Amino acid sequence: MAVTVPGSGHHHSKVLLHPTTLELSEKRIAIIGSNGSGKSTLLRLFNGLILPTSGRVEVAGLNTGSQGRQVRRLVGFVFTDPLAQLILATAADDVELSLRPLIRDRKLRRDEAIRLLAERGLERVADQSVYDLSGGERQMVAFTSVLASGPQILVADEPTTLLDLRNRDRVRELIRGLDQQVVVATHDLDLAADADRVLVVDHGRIVADGQPDEAISEYLKLARA
């Protein structure tokens, strides 16, 4: 798979991700790299937010290009900024939206949304506007909403970047406890160190791939060069 953006005028096309072959089977996978390295592009390929300009991406045997809807049922995506995906007025409303395909009865759906928020310590903010929540509360609501639909795989794009240390630790603990396979792009090397496998991306290429300590060491060499 590869991703290229066409140029305009006299500008040449730009390669966001060079031809890459990957099979990701580990339960916890982290992707690290500098800003603009291509890690977010790689992440967005996994649920069809971006389609490859060459090659293909398959999730559980499903092609993201031709079977995108089915893929997105399997793969939940958490963005860096939770306000990019919290689209309804309150926390409970947003979790309910994710539950609609699963629970038809409105009262049962509302009760389940409150229960899921309570599991994350968010019951008291269930009826608050998402704009009145702290950054950490918003991100935990975003995780709750995405997980409510029952994805088999969770993809998270720098989910701790906008958070303070306490809330970074909450997200880290949440990810550790999930049954789903998790693929996370991050600048948080502590979060990356929790993974079973770490990919290092640089200038649209995977330049290291392996155990966390080895891959993080390679990333630090690049960052300090």
# chains A, B, ... in the order shown; residues from 1 in each chain; ligands from 1
$ residues_around --residues "segment 178-182 of chain A" --least-positions-apart "3" --cutoff "7 Å" --atoms "only C-alpha atoms" --output "mmCIF file with N, CA and C atoms, in the first residue's frame"
data_model
loop_
_atom_site.group_PDB
_atom_site.id
_atom_site.type_symbol
_atom_site.label_atom_id
_atom_site.label_comp_id
_atom_site.auth_asym_id
_atom_site.auth_seq_id
_atom_site.Cartn_x
_atom_site.Cartn_y
_atom_site.Cartn_z
ATOM 1 N N LYS A 27 -1.691 -7.595 19.888
ATOM 2 C CA LYS A 27 -2.841 -6.978 20.569
ATOM 3 C C LYS A 27 -2.634 -5.485 20.793
ATOM 4 N N ARG A 28 -1.405 -5.064 21.062
ATOM 5 C CA ARG A 28 -1.116 -3.650 21.302
ATOM 6 C C ARG A 28 0.021 -3.217 20.374
ATOM 7 N N ILE A 29 -0.283 -2.256 19.509
ATOM 8 C CA ILE A 29 0.698 -1.773 18.533
ATOM 9 C C ILE A 29 0.759 -0.257 18.632
ATOM 10 N N GLN A 152 -14.120 -4.427 17.121
ATOM 11 C CA GLN A 152 -13.133 -5.462 17.431
ATOM 12 C C GLN A 152 -11.727 -4.879 17.530
ATOM 13 N N ILE A 153 -11.522 -3.750 16.856
ATOM 14 C CA ILE A 153 -10.213 -3.088 16.823
ATOM 15 C C ILE A 153 -10.427 -1.619 17.161
ATOM 16 N N LEU A 154 -9.552 -1.063 17.982
ATOM 17 C CA LEU A 154 -9.603 0.364 18.299
ATOM 18 C C LEU A 154 -8.345 1.024 17.761
ATOM 19 N N VAL A 155 -8.535 2.077 16.978
ATOM 20 C CA VAL A 155 -7.431 2.864 16.445
ATOM 21 C C VAL A 155 -7.511 4.251 17.080
ATOM 22 N N LEU A 174 -6.880 2.903 30.587
ATOM 23 C CA LEU A 174 -8.027 2.430 29.806
ATOM 24 C C LEU A 174 -7.577 1.506 28.687
ATOM 25 N N ILE A 175 -6.574 1.932 27.932
ATOM 26 C CA ILE A 175 -6.091 1.137 26.807
ATOM 27 C C ILE A 175 -5.536 -0.202 27.280
#
$ closest_atom_pairs --of "segment 133-205 of chain A" --to "segment 93-107 of chain A" --cutoff "8 Å" --atoms "only C-alpha atoms" --output "Markdown table"
| residue | atom | partner | partner_atom | distance |
| --- | --- | --- | --- | --- |
| A:Val141 | CA | A:Val95 | CA | 7.7 |
| A:Thr144 | CA | A:Val95 | CA | 6.8 |
| A:Ser145 | CA | A:Val95 | CA | 4.4 |
| A:Val146 | CA | A:Ser98 | CA | 6.9 |
| A:Ala148 | CA | A:Ser98 | CA | 6.0 |
| A:Ser149 | CA | A:Ser98 | CA | 5.3 |
$ select_by_dssp --residues "chain A" --states "alpha helix (DSSP H)" --output "ChimeraX atom specification"
/A:39-45,68-74,91-99,106-119,135-148,165-176,189-193,212-224
$ closest_atom_pairs --of "segment 100-141 of chain A" --to "segment 76-88 of chain A" --cutoff "10 Å" --atoms "only C-alpha atoms" --output "JSON lines"
{"residue": "A:Ser129", "atom": "CA", "partner": "A:Leu88", "partner_atom": "CA", "distance": 8.6}
{"residue": "A:Val130", "atom": "CA", "partner": "A:Leu86", "partner_atom": "CA", "distance": 7.3}
{"residue": "A:Tyr131", "atom": "CA", "partner": "A:Leu83", "partner_atom": "CA", "distance": 8.2}
{"residue": "A:Gly135", "atom": "CA", "partner": "A:Pro82", "partner_atom": "CA", "distance": 8.1}
{"residue": "A:Gly136", "atom": "CA", "partner": "A:Pro82", "partner_atom": "CA", "distance": 9.3}
{"residue": "A:Glu137", "atom": "CA", "partner": "A:Pro82", "partner_atom": "CA", "distance": 9.5}
{"residue": "A:Arg138", "atom": "CA", "partner": "A:Pro82", "partner_atom": "CA", "distance": 5.9}
{"residue": "A:Gln139", "atom": "CA", "partner": "A:Pro82", "partner_atom": "CA", "distance": 5.3}
{"residue": "A:Met140", "atom": "CA", "partner": "A:Pro82", "partner_atom": "CA", "distance": 8.7}
{"residue": "A:Val141", "atom": "CA", "partner": "A:Pro82", "partner_atom": "CA", "distance": 8.2}
$ closest_residue --among "A:Arg120, A:Lys221, A:Arg56, A:Arg205" --to "Arg170 of chain A" --atoms "only C-alpha atoms"
A:Arg120
$ closest_residue --among "A:Ala91, A:Tyr219, A:Lys14, A:Pro212" --to "Leu116 of chain A" --atoms "only C-alpha atoms"
A:Ala91
$ closest_residue --among "A:Ser34, A:Thr90, A:Ser134, A:Ser25" --to "Ala113 of chain A" --atoms "only C-alpha atoms"
A:Thr90
$ residues_around --residues "Val59 of chain A" --least-positions-apart "6" --cutoff "9 Å" --atoms "only C-alpha atoms" --output "PyMOL selection string"
chain A and resi 46-47+71+74-75
$ closest_residue --among "A:Val200, A:Ala60, A:Leu108, A:Ile206" --to "Leu22 of chain A" --atoms "only C-alpha atoms"
A:Ile206
